[in-house]
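Colleague: Shown below is the structure under consideration.
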Amino acid sequence: MSLKLNEIKKSYQQADLGIEVLKGLKAEVKDGEVVAIVGQSGSGKSTLLSLLAGLDRPDSGSIEVFGSEMTRLTEEEMTDFRARNIGIVFQQFHLMNHLTALENVMLPLEILGENEIEKKATEMLQLMGLGHRLTHFPGQLSGGECQRVAIARALVVNPKILLADEPSGNLDTETGEKVMDVFFDAVKKRNMTTILVTHSEQLAKRCDRQLTLKLGQFQ
Amino acid sequence: MIRWIFRELRNNKRFSAFFILNLALGLTGFLCLDAFKSSMDAALQANSKNFLSADLAVESRRDIRDDEIKAIRGKLPQGAQEGRLVEFFSMVASKGGSRLVQVKAIDQTYPFYGELILGSGEKIQSTSSKEALQQGRAWVYPELLSQLKLQVGDEISIGQLKIPIADVIQEDSSQTFRLSSLAPKIYLDLGVAQRSQLIQFGSTKSDVYLLKLPAETSVGALMAQMKTVVPDPMVRFEDPEEAGEDSARALQYLSDYLGLVSLVALFLASLGTAYLYRSFVSQRFKSIAILNSLGLQRSQAQWVYIGQLSALGLVAAVVSLIAAYFLLPFLAQILRTLSPIDIPLQLSLKTSFLALLMGALGSLIVCYPFLFPIRRIKLSQLFQEESQIKLGFRWTDAALFLPSLVFYYVLSVWQANSIKVGSVFVGLFFASLAVLLLIGWLLIQALKYFPKDLLWYVKQSLLQLQRRPVASVSAVVALGLGSLLINLMPQLKESLKADLESPRNLKLPSLFMFDIQDDQIDPLVSFLNERNIRMEFKSPMVRGRILAVNGESYERVEDASQIQSREEEAEVRFRNRGVNLSYRDQLSSSEEIVEGKFYEGVWDGNTENPFELSVEKRYAERLNLKLNDILLFDVQGVEMTGKITSFRTVKWNSFQPNFFILVQSGVLEQAPKTFLGAIPQMQPNEVAQIQDALVASFPNVSMVDVARSVKRIFELGEKMTWSLEIMAALSLLAGFVVLFSMAQHQVQMRRWDLNMLKILGAKAGDVQKSLLIEFGVLGLIASFFGVTLSLALSLILNLIVFDGTFLMNWKWPVITLISVTLLSMCLSWIASFRWVNEKASVILRGDRA
Ligand SMILES: Nc1ncnc2c1ncn2[C@@H]1O[C@H](COP(=O)(O)OP(=O)(O)O)[C@@H](O)[C@H]1O
Ligand SMILES: [Mg+2]
């Protein structure tokens, strides 16, 4: 079992009233499983993702990742754990504009202090079909290419889990499809546990399983 | 539309606040200075008659002859009043030692305007009784008492005359604005001075007739008439305005230079403003495109932004007016330490208007270049994937900066009151700017070659610097200029001081003597010999005047309207003044021939050939004299012709007797003359002893204690440069505000990057370190080159302009280097810590936040 959610609750303080976004979520994800999370805008998908990524903590409940209890980790342990085990892909790519594609992909390796950084990053980009774009800056790449760089950046540290928040949300359908082909290709090949947040039925169908988030619960 | 302007500003509070802060800071320095200037001008106007203590003064270094007085009287209107005073240098002796003083011998009518306020509180005006003086007593400046450890009632003596001190003079309205002079003043009665023969031929003195005219008299016209009946330029006519200008000259130069330094602050402020605006506008391109698609013309959009800019500029001007309003009382306090004046510093209507104009117009001129490309926005860009519209830079855009340049140049010339100084300033300024720009750019390019195996956050900071060159170079320029200025002043001062205290290869004399009469020189030399003291640099001095150069007469320029600048004004006065001539067979150790050949031998008076002259280089430059020019002199009524055969340089700070013009032997030996001389270095108490002894035996010989004068000059310089240093500090402050606004903007722009780093596993501490290193490196580069430039500049100024030594001062550069680096790290920390420590999860809501 690679991921286990137990009675997760999360609420936010908005203006004066607290709104409970997640009301006791329960779920399990097997190793190598690709799960889609669907739901309306504002249903709490991103909130859930930030909890899974350890970017935020639940008010109650526990998250187990490969048997270790995430909620028990200190901030620093969490940061390190995330960097090594969890890759994240965002709708907005969030690439560093002043770094080239290659440098963007090298960055997580550098932060973790790995070796053979350049080689690993280059290989990863080639795998994403961007071997000819290594020294380009994000400003010089198309949206689809940017997202592929972002995916490469998430995968280059060989995480055990990949989290993606509407990765094709910012791309036109055709480009989005192409990017997602590469995406599914990569995660399947690595047998990587993947949580994909999306509101596209089509994408959700390509996953092993769908979880629908509604009124703070999985339906 | 107007609502839209304000809504946009309201939604960009941070930008608006920093824009206003930046601009207001620059304007405040400028405003305070302008307030200072206009208040000073107003005070000058209001008090100008007090400086002269008359409506018109007739003044000469020689006695004004009876026939001249008669001619002047002939032109006087009905009801004019007439007074006389004689001013001269003299030594006073007392139980506390001897001292050089400036004696002002006045008659009953003094002063026609203004007043003397005595220690007793009594106010002396024209009609007041001056009984104390007529009884042979004196009023003295307070510093004489403290220097000689005397009290009111004690006696001083000039020659054989014993003079009890009747009172001290607390305030002297003729001295307002004058930074204190080297010799304290004492007031005596003119009659007493004449009867006791205190005033002798050959002493350095001026004979002055003061005139009080009926209110309706036109002083200018009267002056012109008098000049026709008294053509000799040795007799000068002075009106109150000129006297005011004269006495405020030092302060005016100071304020001119302060103006220039404040321009640097203004420039830095505009740099910050422009930087902020550039990023603001480039984020607006998309909304402009959207508005465009909704039917707003691009030119209309441009007007909207122009309106917005002017509004911001006006607010900044108002802020700076308020700031200046609160700052001025402090400035007035500082001024009071400079001179005994009470200038009420006030913001005039004119100054306020100027501020508003500069705010609105200045911000437009500075920011317009970034607004201009709006015209190039294409609607089709809205359909592109990118979230930001980018408009490429075109080289023609650079031309848009031309108005700023012109604006700046005009401001400089106006502030410096001189095209020359203004141009030199702008030249030096832009040269420094160019050097800093180039160095900054080169260095940032060089960062490419850093080693690959650095810690990731070090590497990231260097990459940031390198890949955002506009931001980095702006910061380098802003901080670099600030460091340059803050360093320049102490550096210059240090070298000048060292130079004055011990000029290169020269030993300063201990006493400098002048007004030694012809018949006193031999007794004086033997007097010193008896005490085993050698008299050095014995030099004869003959007063003369240049009548013509190469046959062309040397007319005085009288038309004041032709005089444009402060230098020209000084120039004219310089030319009309007489010149001191001397002769010697050999150059002194402080002189060097730079052109031509120093004359040899004795002139044969029986030939037609002119005698030979050696002229000081700078004097020659000022008067536009060339080698082989023929000069016609008037030496005390006798006309004589000489030819320039060499140019000399002179180290004036040697305190040796030196002259602009040296004349071949055989020419001036018979002319009436006085001597100058010096006494070599000795112990301070010995100096005092020999001075007292000399005063007792040769009462009319004036002596300057060189060491003490040097010290006094420095105290004065210290006070003058202090305000310049404050201005320099203001510029550095402006530099830091630029840096801070930039750090703020950068961190905001990089908010997602910072969070992304944390998501990728970076510790918040490391992210912070990365930023600190980035700004630390910026500060270090900027201050290093700022300091280096300031050293280079002061080297040039010291060696070439002041013709002295250059002394490397390590203290200031090191302090600047360290503090600028640390401060820029601090500022970047303040600007960033909030963002660095924010929860990385905001990145998932990024689109909404
Ligand atoms: N940090 C926060 N503070 C307050 N409210 C938040 C915060 N994050 C999310 N929310 C609220 O929680 C709800 C769920 O948001 P989110 O998880 O982003 O939804 P989704 O990604 O499914 O569109 C929304 O109503 C949102 O406004
Ligand atoms: Mg979302």
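Identifiers for the structure tokens are assigned positionally: chains receive A, B, ... in sequence, residues are indexed from 1 per chain, and ligands are indexed from 1 in the order shown.
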Please, which residues of chain A lie no more than 7 Å from chain B when the count uses only C-alpha atoms, and can they be set out as a list in words?
Modeller: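 The contacting residues on chain A are Ser46, Ser50, Leu55, Asp56, Thr79, Asp80, Arg82, Ala83, His94, Met96, His98, Pro108, Glu110, Ile111 and Gly143 of chain A.
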Colleague: With N, CA, C and O atoms retained, could you export that selection as a short mmCIF file (atom, residue, chain, number, x, y, z; two decimals), in the first residue's frame?
Modeller:
data_model
loop_
_atom_site.label_atom_id
_atom_site.label_comp_id
_atom_site.auth_asym_id
_atom_site.auth_seq_id
_atom_site.Cartn_x
_atom_site.Cartn_y
_atom_site.Cartn_z
N SER A 46 -7.32 20.70 -4.86
CA SER A 46 -5.97 21.23 -4.63
C SER A 46 -5.61 21.15 -3.16
O SER A 46 -4.45 20.89 -2.80
N SER A 50 -2.33 19.38 -1.62
CA SER A 50 -1.30 20.03 -0.80
C SER A 50 -1.09 19.24 0.49
O SER A 50 0.01 19.24 1.04
N LEU A 55 2.63 19.86 1.94
CA LEU A 55 2.80 21.30 1.92
C LEU A 55 1.95 21.94 3.01
O LEU A 55 2.17 23.07 3.41
N ASP A 56 0.98 21.21 3.47
CA ASP A 56 0.09 21.71 4.51
C ASP A 56 -0.28 20.49 5.37
O ASP A 56 -0.04 19.36 4.97
N THR A 79 10.12 18.28 4.40
CA THR A 79 10.70 18.87 3.19
C THR A 79 11.60 17.86 2.50
O THR A 79 11.52 17.65 1.28
N ASP A 80 12.43 17.19 3.29
CA ASP A 80 13.36 16.24 2.72
C ASP A 80 12.62 15.03 2.15
O ASP A 80 12.89 14.57 1.05
N ARG A 82 9.58 14.90 1.06
CA ARG A 82 8.88 15.30 -0.15
C ARG A 82 9.84 15.35 -1.34
O ARG A 82 9.57 14.83 -2.41
N ALA A 83 10.97 15.99 -1.09
CA ALA A 83 11.91 16.16 -2.19
C ALA A 83 12.35 14.82 -2.77
O ALA A 83 12.56 14.70 -3.97
N HIS A 94 5.08 26.52 -13.28
CA HIS A 94 6.01 27.04 -12.27
C HIS A 94 7.46 26.68 -12.56
O HIS A 94 8.17 26.14 -11.71
N MET A 96 11.32 28.07 -13.48
CA MET A 96 12.09 29.29 -13.18
C MET A 96 12.44 29.94 -14.52
O MET A 96 13.16 29.34 -15.32
N HIS A 98 14.36 32.28 -15.30
CA HIS A 98 15.74 32.68 -15.59
C HIS A 98 16.65 31.47 -15.79
O HIS A 98 17.84 31.62 -16.00
N PRO A 108 16.30 20.31 -8.83
CA PRO A 108 16.00 19.44 -7.68
C PRO A 108 17.16 18.52 -7.33
O PRO A 108 17.41 18.25 -6.15
N GLU A 110 20.29 19.20 -7.73
CA GLU A 110 21.31 20.01 -7.06
C GLU A 110 20.95 20.23 -5.60
O GLU A 110 21.78 20.16 -4.72
N ILE A 111 19.66 20.52 -5.39
CA ILE A 111 19.23 20.77 -4.02
C ILE A 111 19.43 19.52 -3.17
O ILE A 111 19.82 19.60 -2.01
N GLY A 143 3.79 26.32 -24.48
CA GLY A 143 3.19 25.86 -23.23
C GLY A 143 3.36 24.36 -23.04
O GLY A 143 3.71 23.89 -21.96
#
Colleague: Taking only C-alpha atoms and all ligand atoms into account, report as a PDB file with all heavy atoms, in the first residue's frame which residues have an atom no farther than 9 Å from an atom of ligand 2.
Modeller:
ATOM      1  N   SER A  41     -14.915  22.750  -9.429  1.00  0.00           N
ATOM      2  CA  SER A  41     -13.977  23.775  -8.971  1.00  0.00           C
ATOM      3  C   SER A  41     -14.378  24.185  -7.553  1.00  0.00           C
ATOM      4  O   SER A  41     -15.562  24.368  -7.264  1.00  0.00           O
ATOM      5  CB  SER A  41     -14.061  24.966  -9.929  1.00  0.00           C
ATOM      6  OG  SER A  41     -13.193  25.952  -9.493  1.00  0.00           O
ATOM      7  N   GLY A  42     -13.417  24.255  -6.697  1.00  0.00           N
ATOM      8  CA  GLY A  42     -13.698  24.652  -5.315  1.00  0.00           C
ATOM      9  C   GLY A  42     -14.080  23.490  -4.430  1.00  0.00           C
ATOM     10  O   GLY A  42     -14.411  23.673  -3.262  1.00  0.00           O
ATOM     11  N   SER A  43     -14.014  22.279  -4.952  1.00  0.00           N
ATOM     12  CA  SER A  43     -14.432  21.140  -4.144  1.00  0.00           C
ATOM     13  C   SER A  43     -13.318  20.669  -3.200  1.00  0.00           C
ATOM     14  O   SER A  43     -13.546  19.829  -2.354  1.00  0.00           O
ATOM     15  CB  SER A  43     -14.882  19.990  -5.056  1.00  0.00           C
ATOM     16  OG  SER A  43     -13.828  19.645  -5.926  1.00  0.00           O
ATOM     17  N   GLY A  44     -12.144  21.172  -3.367  1.00  0.00           N
ATOM     18  CA  GLY A  44     -11.064  20.850  -2.430  1.00  0.00           C
ATOM     19  C   GLY A  44      -9.992  19.951  -2.998  1.00  0.00           C
ATOM     20  O   GLY A  44      -9.174  19.407  -2.260  1.00  0.00           O
ATOM     21  N   LYS A  45      -9.935  19.828  -4.306  1.00  0.00           N
ATOM     22  CA  LYS A  45      -8.943  18.953  -4.926  1.00  0.00           C
ATOM     23  C   LYS A  45      -7.516  19.433  -4.635  1.00  0.00           C
ATOM     24  O   LYS A  45      -6.663  18.663  -4.211  1.00  0.00           O
ATOM     25  CB  LYS A  45      -9.158  18.895  -6.447  1.00  0.00           C
ATOM     26  CG  LYS A  45     -10.570  18.473  -6.857  1.00  0.00           C
ATOM     27  CD  LYS A  45     -10.736  18.384  -8.352  1.00  0.00           C
ATOM     28  CE  LYS A  45     -10.541  19.688  -9.097  1.00  0.00           C
ATOM     29  NZ  LYS A  45     -11.608  20.674  -8.927  1.00  0.00           N
ATOM     30  N   SER A  46      -7.318  20.698  -4.863  1.00  0.00           N
ATOM     31  CA  SER A  46      -5.969  21.229  -4.632  1.00  0.00           C
ATOM     32  C   SER A  46      -5.612  21.152  -3.161  1.00  0.00           C
ATOM     33  O   SER A  46      -4.455  20.891  -2.797  1.00  0.00           O
ATOM     34  CB  SER A  46      -5.879  22.679  -5.103  1.00  0.00           C
ATOM     35  OG  SER A  46      -6.063  22.740  -6.496  1.00  0.00           O
ATOM     36  N   THR A  47      -6.617  21.383  -2.315  1.00  0.00           N
ATOM     37  CA  THR A  47      -6.370  21.287  -0.884  1.00  0.00           C
ATOM     38  C   THR A  47      -5.872  19.891  -0.534  1.00  0.00           C
ATOM     39  O   THR A  47      -4.885  19.721   0.183  1.00  0.00           O
ATOM     40  CB  THR A  47      -7.666  21.597  -0.110  1.00  0.00           C
ATOM     41  OG1 THR A  47      -8.142  22.882  -0.512  1.00  0.00           O
ATOM     42  CG2 THR A  47      -7.424  21.575   1.372  1.00  0.00           C
ATOM     43  N   LEU A  49      -4.444  17.787  -2.463  1.00  0.00           N
ATOM     44  CA  LEU A  49      -3.118  17.583  -3.041  1.00  0.00           C
ATOM     45  C   LEU A  49      -2.039  18.198  -2.162  1.00  0.00           C
ATOM     46  O   LEU A  49      -0.967  17.613  -1.963  1.00  0.00           O
ATOM     47  CB  LEU A  49      -3.075  18.211  -4.439  1.00  0.00           C
ATOM     48  CG  LEU A  49      -2.336  17.396  -5.486  1.00  0.00           C
ATOM     49  CD1 LEU A  49      -2.842  15.984  -5.532  1.00  0.00           C
ATOM     50  CD2 LEU A  49      -2.500  18.067  -6.847  1.00  0.00           C
ATOM     51  N   GLN A  91      -0.533  23.063 -12.765  1.00  0.00           N
ATOM     52  CA  GLN A  91      -1.232  23.611 -13.925  1.00  0.00           C
ATOM     53  C   GLN A  91      -0.425  24.744 -14.564  1.00  0.00           C
ATOM     54  O   GLN A  91      -0.327  24.870 -15.769  1.00  0.00           O
ATOM     55  CB  GLN A  91      -2.595  24.114 -13.469  1.00  0.00           C
ATOM     56  CG  GLN A  91      -3.440  24.658 -14.591  1.00  0.00           C
ATOM     57  CD  GLN A  91      -4.809  25.095 -14.071  1.00  0.00           C
ATOM     58  OE1 GLN A  91      -5.179  24.809 -12.941  1.00  0.00           O
ATOM     59  NE2 GLN A  91      -5.551  25.761 -14.910  1.00  0.00           N
ATOM     60  N   ASP A 165      -1.616  18.486 -10.524  1.00  0.00           N
ATOM     61  CA  ASP A 165      -2.816  19.310 -10.363  1.00  0.00           C
ATOM     62  C   ASP A 165      -3.208  19.914 -11.708  1.00  0.00           C
ATOM     63  O   ASP A 165      -2.619  20.897 -12.149  1.00  0.00           O
ATOM     64  CB  ASP A 165      -2.541  20.407  -9.323  1.00  0.00           C
ATOM     65  CG  ASP A 165      -3.825  21.099  -8.880  1.00  0.00           C
ATOM     66  OD1 ASP A 165      -4.901  20.725  -9.380  1.00  0.00           O
ATOM     67  OD2 ASP A 165      -3.731  22.014  -8.043  1.00  0.00           O
ATOM     68  N   GLU A 166      -4.152  19.301 -12.367  1.00  0.00           N
ATOM     69  CA  GLU A 166      -4.629  19.743 -13.676  1.00  0.00           C
ATOM     70  C   GLU A 166      -3.483  20.098 -14.618  1.00  0.00           C
ATOM     71  O   GLU A 166      -3.380  21.234 -15.069  1.00  0.00           O
ATOM     72  CB  GLU A 166      -5.557  20.946 -13.526  1.00  0.00           C
ATOM     73  CG  GLU A 166      -6.603  20.677 -12.450  1.00  0.00           C
ATOM     74  CD  GLU A 166      -7.863  21.484 -12.669  1.00  0.00           C
ATOM     75  OE1 GLU A 166      -8.053  21.991 -13.782  1.00  0.00           O
ATOM     76  OE2 GLU A 166      -8.665  21.576 -11.724  1.00  0.00           O
ATOM     77  N   VAL A 197      -5.142  15.169 -10.513  1.00  0.00           N
ATOM     78  CA  VAL A 197      -6.339  15.973 -10.346  1.00  0.00           C
ATOM     79  C   VAL A 197      -6.742  16.522 -11.710  1.00  0.00           C
ATOM     80  O   VAL A 197      -5.909  17.060 -12.432  1.00  0.00           O
ATOM     81  CB  VAL A 197      -6.074  17.140  -9.370  1.00  0.00           C
ATOM     82  CG1 VAL A 197      -7.199  18.155  -9.442  1.00  0.00           C
ATOM     83  CG2 VAL A 197      -5.947  16.610  -7.960  1.00  0.00           C
ATOM     84  N   THR A 198      -8.009  16.330 -12.070  1.00  0.00           N
ATOM     85  CA  THR A 198      -8.425  16.810 -13.383  1.00  0.00           C
ATOM     86  C   THR A 198      -9.930  17.007 -13.400  1.00  0.00           C
ATOM     87  O   THR A 198     -10.647  16.464 -12.561  1.00  0.00           O
ATOM     88  CB  THR A 198      -8.021  15.806 -14.478  1.00  0.00           C
ATOM     89  OG1 THR A 198      -8.460  16.290 -15.737  1.00  0.00           O
ATOM     90  CG2 THR A 198      -8.645  14.439 -14.246  1.00  0.00           C
TER      91      THR A 198
ATOM     92  N   LEU B 844      -0.352  26.165  -4.970  1.00  0.00           N
ATOM     93  CA  LEU B 844      -1.464  25.439  -5.579  1.00  0.00           C
ATOM     94  C   LEU B 844      -2.650  26.354  -5.833  1.00  0.00           C
ATOM     95  O   LEU B 844      -3.543  26.041  -6.591  1.00  0.00           O
ATOM     96  CB  LEU B 844      -1.870  24.277  -4.673  1.00  0.00           C
ATOM     97  CG  LEU B 844      -0.931  23.072  -4.791  1.00  0.00           C
ATOM     98  CD1 LEU B 844      -1.077  22.161  -3.602  1.00  0.00           C
ATOM     99  CD2 LEU B 844      -1.202  22.324  -6.083  1.00  0.00           C
ATOM    100  N   ARG B 845      -2.664  27.488  -5.170  1.00  0.00           N
ATOM    101  CA  ARG B 845      -3.740  28.454  -5.390  1.00  0.00           C
ATOM    102  C   ARG B 845      -3.235  29.629  -6.210  1.00  0.00           C
ATOM    103  O   ARG B 845      -3.850  30.662  -6.296  1.00  0.00           O
ATOM    104  CB  ARG B 845      -4.274  28.974  -4.055  1.00  0.00           C
ATOM    105  CG  ARG B 845      -4.679  27.856  -3.097  1.00  0.00           C
ATOM    106  CD  ARG B 845      -5.440  28.423  -1.925  1.00  0.00           C
ATOM    107  NE  ARG B 845      -4.597  29.320  -1.150  1.00  0.00           N
ATOM    108  CZ  ARG B 845      -4.982  30.501  -0.712  1.00  0.00           C
ATOM    109  NH1 ARG B 845      -6.173  30.947  -1.001  1.00  0.00           N
ATOM    110  NH2 ARG B 845      -4.159  31.247  -0.003  1.00  0.00           N
ATOM    111  N   ASP B 847      -3.022  30.721  -9.039  1.00  0.00           N
ATOM    112  CA  ASP B 847      -3.750  31.462 -10.057  1.00  0.00           C
ATOM    113  C   ASP B 847      -4.658  32.493  -9.424  1.00  0.00           C
ATOM    114  O   ASP B 847      -4.940  33.525  -9.986  1.00  0.00           O
ATOM    115  CB  ASP B 847      -4.590  30.486 -10.887  1.00  0.00           C
ATOM    116  CG  ASP B 847      -3.827  29.209 -11.107  1.00  0.00           C
ATOM    117  OD1 ASP B 847      -2.588  29.318 -11.127  1.00  0.00           O
ATOM    118  OD2 ASP B 847      -4.426  28.139 -11.224  1.00  0.00           O
TER     119      ASP B 847
END
Colleague: Quick one: residues within 9 Å of segment 171-180 of chain A, only C-alpha atoms counted, chain neighbours fewer than 3 positions away excluded, as a PyMOL selection string?
Modeller: (chain A and resi 91+128+143-145+147-148+167-168+183-185+203) or (chain B and resi 385)
Colleague: In Å to one decimal, how far is atom CA of Val366 of chain B from atom CA of Gln300 of chain B?
Modeller: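 Spanning atom CA of Gln300 of chain B to atom CA of Val366 of chain B is a straight-line distance of 19.9 Å.
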Colleague: Which residues come within 7 Å of Gly39 of chain A, counting only C-alpha atoms, excluding same-chain residues fewer than 2 positions away, as a PyMOL selection string?
Modeller: chain A and resi 37+41+43+199+212-214
Colleague: May I have the residues from that selection written out with all heavy atoms, as an mmCIF file, in the first residue's frame?
Modeller:
data_model
loop_
_atom_site.group_PDB
_atom_site.id
_atom_site.type_symbol
_atom_site.label_atom_id
_atom_site.label_comp_id
_atom_site.auth_asym_id
_atom_site.auth_seq_id
_atom_site.Cartn_x
_atom_site.Cartn_y
_atom_site.Cartn_z
ATOM 1 N N ILE A 37 -8.513 12.202 -9.488
ATOM 2 C CA ILE A 37 -9.430 12.845 -8.557
ATOM 3 C C ILE A 37 -10.188 13.895 -9.350
ATOM 4 O O ILE A 37 -9.584 14.793 -9.945
ATOM 5 C CB ILE A 37 -8.688 13.478 -7.375
ATOM 6 C CG1 ILE A 37 -8.052 12.356 -6.550
ATOM 7 C CG2 ILE A 37 -9.634 14.306 -6.527
ATOM 8 C CD1 ILE A 37 -7.315 12.837 -5.339
ATOM 9 N N SER A 41 -14.915 22.750 -9.429
ATOM 10 C CA SER A 41 -13.977 23.775 -8.971
ATOM 11 C C SER A 41 -14.378 24.185 -7.553
ATOM 12 O O SER A 41 -15.562 24.368 -7.264
ATOM 13 C CB SER A 41 -14.061 24.966 -9.929
ATOM 14 O OG SER A 41 -13.193 25.952 -9.493
ATOM 15 N N SER A 43 -14.014 22.279 -4.952
ATOM 16 C CA SER A 43 -14.432 21.140 -4.144
ATOM 17 C C SER A 43 -13.318 20.669 -3.200
ATOM 18 O O SER A 43 -13.546 19.829 -2.354
ATOM 19 C CB SER A 43 -14.882 19.990 -5.056
ATOM 20 O OG SER A 43 -13.828 19.645 -5.926
ATOM 21 N N HIS A 199 -10.406 17.801 -14.296
ATOM 22 C CA HIS A 199 -11.846 17.786 -14.464
ATOM 23 C C HIS A 199 -12.229 17.322 -15.869
ATOM 24 O O HIS A 199 -13.336 17.492 -16.324
ATOM 25 C CB HIS A 199 -12.503 19.125 -14.109
ATOM 26 C CG HIS A 199 -11.884 20.292 -14.805
ATOM 27 N ND1 HIS A 199 -11.308 21.329 -14.097
ATOM 28 C CD2 HIS A 199 -11.732 20.577 -16.099
ATOM 29 C CE1 HIS A 199 -10.849 22.202 -14.951
ATOM 30 N NE2 HIS A 199 -11.088 21.763 -16.172
ATOM 31 N N THR A 212 -14.256 10.782 -6.899
ATOM 32 C CA THR A 212 -14.941 12.047 -7.091
ATOM 33 C C THR A 212 -15.072 12.747 -5.751
ATOM 34 O O THR A 212 -15.565 12.169 -4.774
ATOM 35 C CB THR A 212 -16.331 11.826 -7.686
ATOM 36 O OG1 THR A 212 -16.187 11.016 -8.853
ATOM 37 C CG2 THR A 212 -16.964 13.166 -8.049
ATOM 38 N N LEU A 213 -14.621 13.983 -5.709
ATOM 39 C CA LEU A 213 -14.671 14.756 -4.469
ATOM 40 C C LEU A 213 -15.907 15.644 -4.530
ATOM 41 O O LEU A 213 -16.080 16.431 -5.459
ATOM 42 C CB LEU A 213 -13.391 15.600 -4.341
ATOM 43 C CG LEU A 213 -13.093 16.187 -2.980
ATOM 44 C CD1 LEU A 213 -13.040 15.113 -1.912
ATOM 45 C CD2 LEU A 213 -11.761 16.932 -3.036
ATOM 46 N N LYS A 214 -16.765 15.477 -3.545
ATOM 47 C CA LYS A 214 -17.989 16.265 -3.536
ATOM 48 C C LYS A 214 -18.393 16.503 -2.090
ATOM 49 O O LYS A 214 -18.438 15.575 -1.281
ATOM 50 C CB LYS A 214 -19.087 15.510 -4.284
ATOM 51 C CG LYS A 214 -20.214 16.400 -4.748
ATOM 52 C CD LYS A 214 -21.119 15.615 -5.680
ATOM 53 C CE LYS A 214 -22.261 16.483 -6.168
ATOM 54 N NZ LYS A 214 -23.192 15.716 -6.978
#
Colleague: Could you name the residues that touch Phe137 of chain A at 8 Å or less, counting only C-alpha atoms, but leaving out those on the same chain fewer than 4 positions away, as a list in words?
Modeller: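 Those residues are Asn97, His98, Leu99, Thr100, Ala101 and Leu141 of chain A.
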Colleague: Write the residues you've just listed into a file as a CSV table (one decimal), in the first residue's frame, and include all heavy atoms for each of them.
Modeller:
chain,number,residue,atom,x,y,z
A,97,ASN,N,11.9,31.1,-14.7
A,97,ASN,CA,12.1,31.8,-16.0
A,97,ASN,C,13.5,32.1,-16.3
A,97,ASN,O,13.9,32.3,-17.5
A,97,ASN,CB,11.3,33.1,-16.0
A,97,ASN,CG,9.8,32.7,-16.3
A,97,ASN,OD1,9.5,31.8,-17.0
A,97,ASN,ND2,8.9,33.5,-15.7
A,98,HIS,N,14.4,32.3,-15.3
A,98,HIS,CA,15.7,32.7,-15.6
A,98,HIS,C,16.7,31.5,-15.8
A,98,HIS,O,17.8,31.6,-16.0
A,98,HIS,CB,16.3,33.6,-14.5
A,98,HIS,CG,16.5,32.8,-13.2
A,98,HIS,ND1,15.4,32.4,-12.4
A,98,HIS,CD2,17.6,32.4,-12.6
A,98,HIS,CE1,15.9,31.8,-11.4
A,98,HIS,NE2,17.2,31.8,-11.4
A,99,LEU,N,16.1,30.3,-15.7
A,99,LEU,CA,16.9,29.1,-15.9
A,99,LEU,C,16.5,28.4,-17.2
A,99,LEU,O,15.3,28.4,-17.6
A,99,LEU,CB,16.7,28.1,-14.7
A,99,LEU,CG,17.1,28.6,-13.3
A,99,LEU,CD1,16.9,27.5,-12.3
A,99,LEU,CD2,18.5,29.0,-13.3
A,100,THR,N,17.5,27.8,-17.8
A,100,THR,CA,17.2,27.0,-19.1
A,100,THR,C,16.4,25.8,-18.7
A,100,THR,O,16.3,25.4,-17.5
A,100,THR,CB,18.5,26.6,-19.8
A,100,THR,OG1,19.2,25.8,-18.9
A,100,THR,CG2,19.3,27.8,-20.1
A,101,ALA,N,15.9,25.1,-19.7
A,101,ALA,CA,15.2,23.9,-19.5
A,101,ALA,C,16.0,22.9,-18.7
A,101,ALA,O,15.6,22.3,-17.7
A,101,ALA,CB,14.7,23.3,-20.8
A,141,LEU,N,9.9,28.7,-25.0
A,141,LEU,CA,9.3,27.4,-25.2
A,141,LEU,C,7.8,27.6,-25.3
A,141,LEU,O,7.2,28.5,-24.7
A,141,LEU,CB,9.6,26.4,-24.1
A,141,LEU,CG,11.1,26.0,-23.9
A,141,LEU,CD1,11.2,25.2,-22.7
A,141,LEU,CD2,11.6,25.3,-25.1
Colleague: When DSSP works through the backbone of this structure, what residues of segment 44-100 of chain A end up as helix (DSSP H, G or I), shown as a PyMOL selection string?
Modeller: chain A and resi 45-52+70-72+75-85
Colleague: How many Å separate atom CA of Leu321 of chain B from atom CA of Leu356 of chain B?
Modeller: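 Spanning atom CA of Leu321 of chain B to atom CA of Leu356 of chain B is a straight-line distance of 8.8 Å.
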Colleague: Excluding same-chain residues fewer than 4 positions from segment 425-432 of chain B, what lies within 12 Å of it counting only C-alpha atoms, as a PyMOL selection string?
Modeller: chain B and resi 256-257+259-261+263-265+267-268+405-421+436-440+476-478+480-485+785-790+792-793+796-797
